[in-house]
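S.K.: One structure coming up, written as structure tokens, with questions to follow.
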Amino acid sequence: MILARRLGSKASRLVRVLGIETSCDDTAAAVVTGDGRVVSETNRHQHSVHAAYGGIVPGLAAAHHQAHLPLVLRETLQRAELSIGDIDAVAVTRGPGMAASLGVGVAAAKALAAVHGLPLIGVHHMEAHALMARMGREDAVRFPFLCVLVSGGHTMTLVAHDVNAYSTIGSTRDDSVGEAFDKVARDLGLPWPDAQDGGGLGPALEQAALRGDARRFPLPVPMDKSASAASPDFSFSGLKTHVRRLRDAGAFDPLVAQDQADVAAAFQRAAVAHLRKKTALACRHARAMGVSITCVVASGGVASNAAVRQALADVAAKEGVPLECPPPRLCTDNGVMIAWAGVERLRRGLLDSYTFDFIQRWPLDRLKEMPYSERGSSFDD
């Protein structure tokens with residue numbers, strides 16, 4: 001009864017976890033309850049800050065986290081009509097991510113938890129994405145499942161055996177799919193939408209692709225006709241470079257809107273075909289491991305792309321299992337996913353000491369090797 005001892009009279013109600021996310025360029029926080037209800041959330045994006053540079057500048061991102069995180073935390077608690085005394089645990093992204101940005105969130109979380117005597121939970125960013133589809137739907141999204149993590153920093157397939165237990169099947173050999181989307185969008189000269197939800201170069205390319213004819217530029221599907229075709233790994237660098245070579249050869253004009261749309265459509269079709277094939281391979285690898293998956297989960301920012309979702313839904317249907325995804329707005333980085341991962345880890349007594357530090361590079365397979373300050377179920381009767 002670890003949690004009951006910590007919370008005293010609070011143990012008779014659902015726990016509330018405060019989640020903090022600062023791994024990249026989003027300053028986010030949220031309060032989530034043990035049954036998956038989002039009590040409040042706040043997210044300060046930095047799209048307008050980085051748009052002029054064509055990408056995220058780590059120093060600027062960290063400076064904006066430092067400036068905005070105190071206000072984001074205050075606003076999150078105010079929206080929830082709660083004080084820090086009503087919070088039962090603090091969860092924060094520990095890694096992987098940009099070092100300076102991670103440090104801002106970790107320092108704030110450690111101070112809050114230590115001063116108020118709250119359990120502290122350091123969350124792996126990719127585990128938070130993987131678990132997001134389970135929030136409030138644990139009966140539908142049961143372990144073990146195949147997770148396809150597609151974001152600006154990562155592209156991988158893995159088996160989620162349980163919280164804190166993952167086996168990677170395939171990962172990218174070079175660029176992530178989100179990085180490739182962003183770089184191609186930049187080469188096409190697409191504008192960076194500045195929106196609180198759905199902004200960024202990847203969504204700009206998806207929107208352009210809707211107006212394009214993919215047949216005009218028949219781009220090759222990566223790893224499709226080579227010795228690596230049977231590998232579950234991904235590769236997007238060659239596809240990205242192919243688009244750049246077409247531009248440099250004058251095959252299209254990035255200042256012409258229809259050229260932009262046609263190339264965007266061609267790139268997206270090839271990238272999605274690659275994701276579809278490698279996810280199907282990952283399903284076969286999971287079976288070879290003796291794992292009977294209950295569903296396919298797609299998460300990460302690129303999982304909000306409608307074409308990607310449809311392709312992965314087709315793969316899942318052929319496997320006889322459903323595709324489960326978080327709502328599109330919760331696919332990108334947010335405080336809700338960190339708070340929910342905190343709930344899942346709190347249930348299993350996976351708590352951290354107030355002295356832990358961030359981890360910039362952190363393979364998800366190694367998560368189970370980490371030391372924790374307490375073990376055992378926190379919700380034992």
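Each chain in the structure tokens gets a letter, A, B, ..., in the order shown, and its residues are numbered from 1; ligands are numbered from 1 in order too.
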Please provide the set of residues having any atom within 9 Å of region 108-111 of chain A, restricted to only C-alpha atoms, with same-chain residues fewer than 6 positions apart removed, written as a PyMOL selection string.
M.R.: chain A and resi 19-20+69-70+90-92+120-121+353-356
S.K.: Write out, as a PDB file, in the first residue's frame, the residues just selected, with C-alpha atoms.
M.R.:
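Done, and the output landed in result-v8.pdb:
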ATOM      1  CA  GLY A  19       2.770  16.057 -16.173  1.00  0.00           C
ATOM      2  CA  ILE A  20       5.500  18.362 -17.525  1.00  0.00           C
ATOM      3  CA  LEU A  69       7.183  27.050 -17.883  1.00  0.00           C
ATOM      4  CA  PRO A  70       6.297  28.820 -14.596  1.00  0.00           C
ATOM      5  CA  VAL A  90       4.670  14.914 -10.518  1.00  0.00           C
ATOM      6  CA  ALA A  91       5.763  13.332 -13.797  1.00  0.00           C
ATOM      7  CA  VAL A  92       8.271  14.903 -16.174  1.00  0.00           C
ATOM      8  CA  LEU A 120       8.466  12.046  -8.654  1.00  0.00           C
ATOM      9  CA  ILE A 121       8.307  10.095 -11.918  1.00  0.00           C
ATOM     10  CA  SER A 353      14.509   9.859  -6.509  1.00  0.00           C
ATOM     11  CA  TYR A 354      14.704  13.639  -6.294  1.00  0.00           C
ATOM     12  CA  THR A 355      18.335  13.442  -7.425  1.00  0.00           C
ATOM     13  CA  PHE A 356      17.843  11.977 -10.924  1.00  0.00           C
TER      14      PHE A 356
END
S.K.: Would you pick out the contacts of Arg244 (chain A) at 9 Å or less, using only C-alpha atoms, so that residues sharing its chain but fewer than 3 positions from it are not included, and give the list as a PyMOL selection string?
M.R.: chain A and resi 184+187-188+239-241+247-249
S.K.: CA of Val32 (chain A) to CA of Val17 (chain A): how many Å, to one decimal?
M.R.: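 Taking CA of Val32 (chain A) as the start and CA of Val17 (chain A) as the end point, the length is 5.5 Å.
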S.K.: What gap, in Å, lies between CA of Ala307 (chain A) and CA of Ala270 (chain A)?
M.R.: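 Separation of CA of Ala307 (chain A) and CA of Ala270 (chain A): 11.1 Å.
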S.K.: Find the residues around Ala204 (chain A) up to 8 Å (only C-alpha atoms counted), leave out those fewer than 3 positions away in its own chain, and share them as a list of chain:residue names.
M.R.: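 After dropping sequence-adjacent residues, the list is A:Ala185, A:Leu190, A:Pro191, A:Trp192, A:Pro193, A:Gly199, A:Gly200, A:Leu201, A:Gln207, A:Ala208.
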S.K.: Measuring between only C-alpha atoms, which one of A:Leu18, A:Val141, A:Leu275, A:Leu246 shows the shortest distance to His161 (chain A)?
M.R.: A:Val141
S.K.: Just asking: which residues within region 37-134 of chain A are strand (DSSP E or B) according to DSSP, as an NGL selection string?
M.R.: :A and (38-44 or 89-95 or 120-124)
S.K.: From the set A:Ala264, A:Ala316, A:Ala160, A:Val38, which residue has the shortest atom-to-atom contact distance to Met135 (chain A), counting only C-alpha atoms?
M.R.: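 Comparing A:Ala264, A:Ala316, A:Ala160, A:Val38 against Met135 (chain A), the winner is A:Val38.
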S.K.: Hey, can you check how far CA of Ala214 (chain A) sits from CA of Arg269 (chain A)?
M.R.: 7.0 Å
S.K.: Identify which of the residues A:Arg79, A:Ile87, A:Pro144, A:Leu60 lies closest to Val291 (chain A), counting only C-alpha atoms when measuring atom-to-atom distances.
M.R.: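 Of all the options, A:Pro144 lies closest to Val291 (chain A).
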S.K.: Using only C-alpha atoms, which residues sit within 10 Å of Pro371 (chain A) once same-chain residues fewer than 5 positions away are excluded, as a list in words?
M.R.: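 Everything that qualifies: Leu350, Leu351, Asp352 and Ser353 of chain A.
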S.K.: Which residue gives the smallest distance to Ser237 (chain A) among A:Lys225, A:Ala180, A:Pro218, A:Met98, with only C-alpha atoms counted?
M.R.: A:Ala180
S.K.: Taking 4 positions as the minimum chain separation for residues in the same chain, which residues sit within 8 Å of region 292-303 of chain A when counting only C-alpha atoms? Answer as an NGL selection string.
M.R.: :A and (129-130 or 132-133 or 141-152 or 177-178 or 202 or 286-287 or 308-309 or 312 or 316 or 321-326 or 328 or 331-333)
S.K.: Just to be explicit: take each residue in the selection above, keep N, CA and C atoms, and write the result as an mmCIF file, in the first residue's frame.
M.R.:
data_model
loop_
_atom_site.group_PDB
_atom_site.id
_atom_site.type_symbol
_atom_site.label_atom_id
_atom_site.label_comp_id
_atom_site.auth_asym_id
_atom_site.auth_seq_id
_atom_site.Cartn_x
_atom_site.Cartn_y
_atom_site.Cartn_z
ATOM 1 N N HIS A 129 4.521 8.355 -25.529
ATOM 2 C CA HIS A 129 3.802 8.249 -26.802
ATOM 3 C C HIS A 129 3.156 6.868 -26.934
ATOM 4 N N ALA A 130 3.888 5.826 -26.578
ATOM 5 C CA ALA A 130 3.389 4.459 -26.738
ATOM 6 C C ALA A 130 2.156 4.196 -25.879
ATOM 7 N N MET A 132 -0.023 6.472 -24.781
ATOM 8 C CA MET A 132 -1.058 7.499 -24.894
ATOM 9 C C MET A 132 -2.402 6.917 -25.329
ATOM 10 N N ALA A 133 -2.375 5.929 -26.228
ATOM 11 C CA ALA A 133 -3.635 5.349 -26.712
ATOM 12 C C ALA A 133 -4.388 4.592 -25.623
ATOM 13 N N VAL A 141 -7.022 -1.271 -25.238
ATOM 14 C CA VAL A 141 -5.617 -1.301 -25.658
ATOM 15 C C VAL A 141 -4.843 -2.074 -24.597
ATOM 16 N N ARG A 142 -4.813 -3.393 -24.766
ATOM 17 C CA ARG A 142 -4.216 -4.281 -23.783
ATOM 18 C C ARG A 142 -2.832 -4.731 -24.245
ATOM 19 N N PHE A 143 -1.988 -5.001 -23.285
ATOM 20 C CA PHE A 143 -0.675 -5.573 -23.578
ATOM 21 C C PHE A 143 -0.840 -7.058 -23.917
ATOM 22 N N PRO A 144 0.038 -7.595 -24.789
ATOM 23 C CA PRO A 144 1.077 -6.892 -25.552
ATOM 24 C C PRO A 144 0.499 -6.321 -26.849
ATOM 25 N N PHE A 145 1.053 -5.206 -27.309
ATOM 26 C CA PHE A 145 0.628 -4.646 -28.590
ATOM 27 C C PHE A 145 1.851 -4.205 -29.384
ATOM 28 N N LEU A 146 1.662 -4.082 -30.691
ATOM 29 C CA LEU A 146 2.718 -3.556 -31.558
ATOM 30 C C LEU A 146 2.548 -2.052 -31.631
ATOM 31 N N CYS A 147 3.610 -1.327 -31.342
ATOM 32 C CA CYS A 147 3.548 0.127 -31.384
ATOM 33 C C CYS A 147 4.414 0.645 -32.536
ATOM 34 N N VAL A 148 3.844 1.539 -33.325
ATOM 35 C CA VAL A 148 4.569 2.218 -34.401
ATOM 36 C C VAL A 148 4.747 3.668 -33.956
ATOM 37 N N LEU A 149 5.976 4.004 -33.573
ATOM 38 C CA LEU A 149 6.273 5.348 -33.088
ATOM 39 C C LEU A 149 6.869 6.156 -34.226
ATOM 40 N N VAL A 150 6.145 7.169 -34.654
ATOM 41 C CA VAL A 150 6.560 7.974 -35.808
ATOM 42 C C VAL A 150 6.509 9.453 -35.423
ATOM 43 N N SER A 151 7.679 10.063 -35.354
ATOM 44 C CA SER A 151 7.737 11.447 -34.907
ATOM 45 C C SER A 151 8.879 12.166 -35.598
ATOM 46 N N GLY A 152 9.128 13.392 -35.177
ATOM 47 C CA GLY A 152 10.223 14.162 -35.737
ATOM 48 C C GLY A 152 11.577 13.681 -35.296
ATOM 49 N N VAL A 177 10.972 9.660 -39.960
ATOM 50 C CA VAL A 177 9.990 10.043 -40.963
ATOM 51 C C VAL A 177 9.559 11.496 -40.772
ATOM 52 N N GLY A 178 9.445 11.939 -39.525
ATOM 53 C CA GLY A 178 9.063 13.325 -39.282
ATOM 54 C C GLY A 178 10.123 14.297 -39.758
ATOM 55 N N GLY A 202 5.616 19.430 -41.209
ATOM 56 C CA GLY A 202 4.994 18.166 -41.583
ATOM 57 C C GLY A 202 3.525 18.319 -41.962
ATOM 58 N N ALA A 286 6.964 -9.941 -34.737
ATOM 59 C CA ALA A 286 6.331 -10.145 -33.428
ATOM 60 C C ALA A 286 5.810 -11.568 -33.296
ATOM 61 N N ARG A 287 5.201 -12.085 -34.373
ATOM 62 C CA ARG A 287 4.712 -13.467 -34.337
ATOM 63 C C ARG A 287 5.875 -14.446 -34.158
ATOM 64 N N VAL A 308 -1.050 8.280 -43.233
ATOM 65 C CA VAL A 308 -0.307 7.322 -42.414
ATOM 66 C C VAL A 308 -1.277 6.462 -41.617
ATOM 67 N N ARG A 309 -2.271 7.074 -41.028
ATOM 68 C CA ARG A 309 -3.252 6.317 -40.243
ATOM 69 C C ARG A 309 -3.967 5.277 -41.099
ATOM 70 N N LEU A 312 -1.653 2.300 -41.892
ATOM 71 C CA LEU A 312 -1.444 1.424 -40.739
ATOM 72 C C LEU A 312 -2.730 0.687 -40.360
ATOM 73 N N ALA A 316 -3.108 -3.340 -39.904
ATOM 74 C CA ALA A 316 -3.732 -3.947 -38.723
ATOM 75 C C ALA A 316 -4.895 -4.850 -39.117
ATOM 76 N N VAL A 321 -6.426 -7.368 -36.230
ATOM 77 C CA VAL A 321 -6.477 -6.589 -34.987
ATOM 78 C C VAL A 321 -6.802 -5.134 -35.334
ATOM 79 N N PRO A 322 -7.298 -4.371 -34.379
ATOM 80 C CA PRO A 322 -7.605 -2.965 -34.667
ATOM 81 C C PRO A 322 -6.373 -2.067 -34.613
ATOM 82 N N LEU A 323 -6.462 -0.929 -35.281
ATOM 83 C CA LEU A 323 -5.481 0.140 -35.118
ATOM 84 C C LEU A 323 -5.999 1.081 -34.042
ATOM 85 N N GLU A 324 -5.166 1.367 -33.067
ATOM 86 C CA GLU A 324 -5.534 2.293 -31.996
ATOM 87 C C GLU A 324 -4.597 3.497 -32.048
ATOM 88 N N CYS A 325 -5.179 4.686 -32.034
ATOM 89 C CA CYS A 325 -4.395 5.925 -32.070
ATOM 90 C C CYS A 325 -4.954 6.914 -31.060
ATOM 91 N N PRO A 326 -4.096 7.735 -30.479
ATOM 92 C CA PRO A 326 -4.611 8.843 -29.684
ATOM 93 C C PRO A 326 -5.317 9.839 -30.609
ATOM 94 N N PRO A 328 -5.696 13.067 -32.774
ATOM 95 C CA PRO A 328 -4.596 13.739 -33.475
ATOM 96 C C PRO A 328 -3.881 14.808 -32.652
ATOM 97 N N CYS A 331 -1.222 13.320 -30.479
ATOM 98 C CA CYS A 331 -0.118 12.582 -31.099
ATOM 99 C C CYS A 331 1.184 13.373 -31.004
ATOM 100 N N THR A 332 1.082 14.690 -31.129
ATOM 101 C CA THR A 332 2.265 15.522 -31.000
ATOM 102 C C THR A 332 2.625 15.658 -29.515
ATOM 103 N N ASP A 333 3.793 16.242 -29.235
ATOM 104 C CA ASP A 333 4.245 16.360 -27.848
ATOM 105 C C ASP A 333 3.261 17.180 -27.020
#
S.K.: Out of A:Met126, A:Ala52, A:Val336, A:Ala251, which residue has the shortest atom-to-atom distance to Ser40 (chain A) when counting only C-alpha atoms?
M.R.: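 Closest residue, counting only C-alpha atoms: A:Val336.
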S.K.: Show which residues sit within 9 Å of Tyr166 (chain A), as a list in words. Count only C-alpha atoms, and ignore same-chain residues fewer than 2 positions away.
M.R.: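 Near neighbours after the sequence-gap exclusion: Glu127, Leu158, Val159, Ala160, His161, Asp162, Val163, Asn164, Thr168, Leu364, Asp365, Arg366, Leu367 and Lys368 of chain A.
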S.K.: Store the residues of this selection in a file with N, CA, C and O atoms, as a tab-separated table (two decimals), in the first residue's frame.
M.R.:
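Dumped to part36.tsv:
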chain	number	residue	atom	x	y	z
A	127	GLU	N	8.03	6.17	-24.36
A	127	GLU	CA	7.05	5.36	-23.64
A	127	GLU	C	5.76	6.15	-23.48
A	127	GLU	O	4.66	5.58	-23.60
A	158	LEU	N	7.94	-1.51	-32.19
A	158	LEU	CA	8.33	-2.23	-30.98
A	158	LEU	C	7.14	-2.98	-30.42
A	158	LEU	O	5.98	-2.65	-30.70
A	159	VAL	N	7.43	-4.00	-29.66
A	159	VAL	CA	6.40	-4.71	-28.91
A	159	VAL	C	6.36	-4.12	-27.50
A	159	VAL	O	7.38	-4.05	-26.82
A	160	ALA	N	5.19	-3.65	-27.10
A	160	ALA	CA	4.98	-3.19	-25.73
A	160	ALA	C	4.43	-4.37	-24.94
A	160	ALA	O	3.27	-4.75	-25.09
A	161	HIS	N	5.29	-4.98	-24.14
A	161	HIS	CA	4.88	-6.14	-23.33
A	161	HIS	C	4.09	-5.70	-22.11
A	161	HIS	O	3.17	-6.38	-21.67
A	162	ASP	N	4.48	-4.54	-21.56
A	162	ASP	CA	3.85	-3.99	-20.37
A	162	ASP	C	4.46	-2.61	-20.17
A	162	ASP	O	5.39	-2.21	-20.90
A	163	VAL	N	3.97	-1.87	-19.22
A	163	VAL	CA	4.64	-0.63	-18.84
A	163	VAL	C	6.07	-0.98	-18.43
A	163	VAL	O	6.30	-1.97	-17.72
A	164	ASN	N	7.04	-0.21	-18.93
A	164	ASN	CA	8.44	-0.39	-18.57
A	164	ASN	C	9.10	-1.60	-19.24
A	164	ASN	O	10.24	-1.94	-18.91
A	168	THR	N	12.37	-3.55	-29.09
A	168	THR	CA	12.41	-2.87	-30.38
A	168	THR	C	12.57	-3.89	-31.50
A	168	THR	O	13.39	-4.80	-31.42
A	364	LEU	N	14.82	2.92	-25.65
A	364	LEU	CA	13.64	2.48	-24.90
A	364	LEU	C	13.82	1.08	-24.33
A	364	LEU	O	13.29	0.76	-23.26
A	365	ASP	N	14.60	0.24	-25.02
A	365	ASP	CA	14.83	-1.12	-24.53
A	365	ASP	C	15.50	-1.13	-23.16
A	365	ASP	O	15.38	-2.09	-22.40
A	366	ARG	N	16.23	-0.07	-22.85
A	366	ARG	CA	16.99	-0.03	-21.60
A	366	ARG	C	16.17	0.54	-20.43
A	366	ARG	O	16.68	0.64	-19.32
A	367	LEU	N	14.94	0.86	-20.68
A	367	LEU	CA	14.12	1.46	-19.63
A	367	LEU	C	13.99	0.55	-18.42
A	367	LEU	O	14.07	1.00	-17.27
A	368	LYS	N	13.81	-0.74	-18.66
A	368	LYS	CA	13.61	-1.68	-17.55
A	368	LYS	C	14.86	-1.86	-16.71
A	368	LYS	O	14.79	-2.41	-15.60
S.K.: Please run DSSP on the backbone and report, as a JSON list (two decimals) with C-alpha atoms, in the first residue's frame, all residues within region 143-375 of chain A that come out as helix (DSSP H, G or I).
M.R.:
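Saved file states.json follows:
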[["chain", "number", "residue", "atom", "x", "y", "z"],
["A", 177, "VAL", "CA", 9.99, 10.04, -40.96],
["A", 178, "GLY", "CA", 9.06, 13.33, -39.28],
["A", 179, "GLU", "CA", 12.49, 14.77, -40.01],
["A", 180, "ALA", "CA", 12.16, 13.74, -43.67],
["A", 181, "PHE", "CA", 8.70, 15.35, -43.90],
["A", 182, "ASP", "CA", 10.12, 18.57, -42.43],
["A", 183, "LYS", "CA", 13.18, 18.68, -44.69],
["A", 184, "VAL", "CA", 11.21, 18.03, -47.86],
["A", 185, "ALA", "CA", 8.66, 20.67, -46.86],
["A", 186, "ARG", "CA", 11.54, 23.09, -46.36],
["A", 187, "ASP", "CA", 13.03, 22.22, -49.77],
["A", 201, "LEU", "CA", 6.28, 21.76, -41.60],
["A", 202, "GLY", "CA", 4.99, 18.17, -41.58],
["A", 203, "PRO", "CA", 1.33, 19.21, -41.48],
["A", 204, "ALA", "CA", 2.12, 21.82, -44.17],
["A", 205, "LEU", "CA", 3.35, 19.05, -46.47],
["A", 206, "GLU", "CA", 0.31, 16.90, -45.72],
["A", 207, "GLN", "CA", -1.98, 19.78, -46.66],
["A", 208, "ALA", "CA", -0.06, 20.46, -49.87],
["A", 209, "ALA", "CA", -0.22, 16.76, -50.79],
["A", 214, "ALA", "CA", 1.58, 11.90, -56.91],
["A", 215, "ARG", "CA", 1.81, 10.23, -60.35],
["A", 216, "ARG", "CA", 3.68, 13.19, -61.81],
["A", 227, "ALA", "CA", 19.05, -6.72, -49.85],
["A", 228, "SER", "CA", 17.52, -4.67, -47.03],
["A", 229, "ALA", "CA", 13.95, -5.25, -48.21],
["A", 230, "ALA", "CA", 13.49, -8.01, -45.61],
["A", 237, "SER", "CA", 17.36, 9.79, -46.14],
["A", 238, "GLY", "CA", 17.51, 8.51, -49.73],
["A", 239, "LEU", "CA", 13.92, 9.52, -50.43],
["A", 240, "LYS", "CA", 14.56, 12.99, -49.05],
["A", 241, "THR", "CA", 17.73, 13.30, -51.15],
["A", 242, "HIS", "CA", 15.87, 12.17, -54.29],
["A", 243, "VAL", "CA", 13.48, 15.09, -53.92],
["A", 244, "ARG", "CA", 16.39, 17.49, -53.45],
["A", 245, "ARG", "CA", 18.09, 16.20, -56.59],
["A", 246, "LEU", "CA", 14.90, 16.70, -58.59],
["A", 247, "ARG", "CA", 14.77, 20.28, -57.36],
["A", 248, "ASP", "CA", 18.43, 20.93, -58.16],
["A", 257, "ALA", "CA", 2.21, 26.00, -56.02],
["A", 258, "GLN", "CA", 1.17, 23.05, -58.19],
["A", 259, "ASP", "CA", 4.76, 21.79, -58.35],
["A", 260, "GLN", "CA", 4.92, 22.00, -54.56],
["A", 261, "ALA", "CA", 1.68, 20.03, -54.25],
["A", 262, "ASP", "CA", 2.65, 17.33, -56.75],
["A", 263, "VAL", "CA", 6.05, 16.70, -55.16],
["A", 264, "ALA", "CA", 4.49, 16.70, -51.69],
["A", 265, "ALA", "CA", 1.95, 14.10, -52.82],
["A", 266, "ALA", "CA", 4.65, 11.94, -54.43],
["A", 267, "PHE", "CA", 6.89, 12.10, -51.37],
["A", 268, "GLN", "CA", 4.06, 11.32, -48.97],
["A", 269, "ARG", "CA", 2.92, 8.34, -51.07],
["A", 270, "ALA", "CA", 6.42, 6.81, -51.09],
["A", 271, "ALA", "CA", 7.01, 7.49, -47.39],
["A", 272, "VAL", "CA", 3.64, 6.01, -46.41],
["A", 273, "ALA", "CA", 4.23, 2.93, -48.58],
["A", 274, "HIS", "CA", 7.55, 2.42, -46.77],
["A", 275, "LEU", "CA", 5.86, 2.70, -43.36],
["A", 276, "ARG", "CA", 3.16, 0.25, -44.44],
["A", 277, "LYS", "CA", 5.61, -2.41, -45.62],
["A", 278, "LYS", "CA", 7.90, -2.15, -42.61],
["A", 279, "THR", "CA", 4.97, -2.27, -40.18],
["A", 280, "ALA", "CA", 3.71, -5.44, -41.86],
["A", 281, "LEU", "CA", 7.21, -6.90, -41.46],
["A", 282, "ALA", "CA", 7.20, -5.90, -37.77],
["A", 283, "CYS", "CA", 3.95, -7.80, -37.27],
["A", 284, "ARG", "CA", 5.58, -10.91, -38.71],
["A", 285, "HIS", "CA", 8.61, -10.43, -36.47],
["A", 286, "ALA", "CA", 6.33, -10.15, -33.43],
["A", 287, "ARG", "CA", 4.71, -13.47, -34.34],
["A", 288, "ALA", "CA", 8.16, -15.03, -34.72],
["A", 301, "GLY", "CA", 3.42, 13.48, -34.28],
["A", 302, "VAL", "CA", 3.35, 11.81, -37.71],
["A", 303, "ALA", "CA", 0.54, 9.52, -36.51],
["A", 304, "SER", "CA", -1.77, 12.52, -36.87],
["A", 306, "ALA", "CA", -4.43, 10.88, -42.21],
["A", 307, "ALA", "CA", -2.61, 8.95, -44.97],
["A", 308, "VAL", "CA", -0.31, 7.32, -42.41],
["A", 309, "ARG", "CA", -3.25, 6.32, -40.24],
["A", 310, "GLN", "CA", -5.08, 4.76, -43.16],
["A", 311, "ALA", "CA", -2.04, 2.76, -44.25],
["A", 312, "LEU", "CA", -1.44, 1.42, -40.74],
["A", 313, "ALA", "CA", -5.15, 0.64, -40.35],
["A", 314, "ASP", "CA", -4.88, -1.50, -43.50],
["A", 315, "VAL", "CA", -1.91, -3.40, -42.02],
["A", 316, "ALA", "CA", -3.73, -3.95, -38.72],
["A", 317, "ALA", "CA", -6.85, -5.18, -40.52],
["A", 318, "LYS", "CA", -4.79, -7.80, -42.39],
["A", 319, "GLU", "CA", -3.44, -8.94, -39.00],
["A", 328, "PRO", "CA", -4.60, 13.74, -33.48],
["A", 329, "ARG", "CA", -3.98, 16.64, -31.11],
["A", 330, "LEU", "CA", -2.45, 14.22, -28.57],
["A", 335, "GLY", "CA", 1.75, 17.35, -21.19],
["A", 336, "VAL", "CA", -1.19, 14.92, -21.18],
["A", 337, "MET", "CA", 0.92, 12.01, -22.40],
["A", 338, "ILE", "CA", 3.53, 12.65, -19.70],
["A", 339, "ALA", "CA", 0.89, 12.82, -16.98],
["A", 340, "TRP", "CA", -0.75, 9.62, -18.23],
["A", 341, "ALA", "CA", 2.58, 7.78, -18.39],
["A", 342, "GLY", "CA", 3.04, 9.00, -14.82],
["A", 343, "VAL", "CA", -0.27, 7.40, -13.85],
["A", 344, "GLU", "CA", 0.71, 4.10, -15.45],
["A", 345, "ARG", "CA", 4.12, 4.06, -13.76],
["A", 346, "LEU", "CA", 2.71, 5.20, -10.40],
["A", 347, "ARG", "CA", 0.36, 2.22, -10.42],
["A", 364, "LEU", "CA", 13.64, 2.48, -24.90],
["A", 365, "ASP", "CA", 14.83, -1.12, -24.53],
["A", 366, "ARG", "CA", 16.99, -0.03, -21.60],
["A", 367, "LEU", "CA", 14.12, 1.46, -19.63],
["A", 368, "LYS", "CA", 13.61, -1.68, -17.55],
["A", 369, "GLU", "CA", 17.26, -1.54, -16.44]]
S.K.: Go through A:Glu138, A:Gly85, A:Ala100, A:Arg361 one by one, measure the shortest atom-to-atom distance of each to Val115 (chain A) using only C-alpha atoms, and give the residue with the smallest value.
M.R.: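 Checking each candidate against Val115 (chain A), we get A:Gly85 as the closest.
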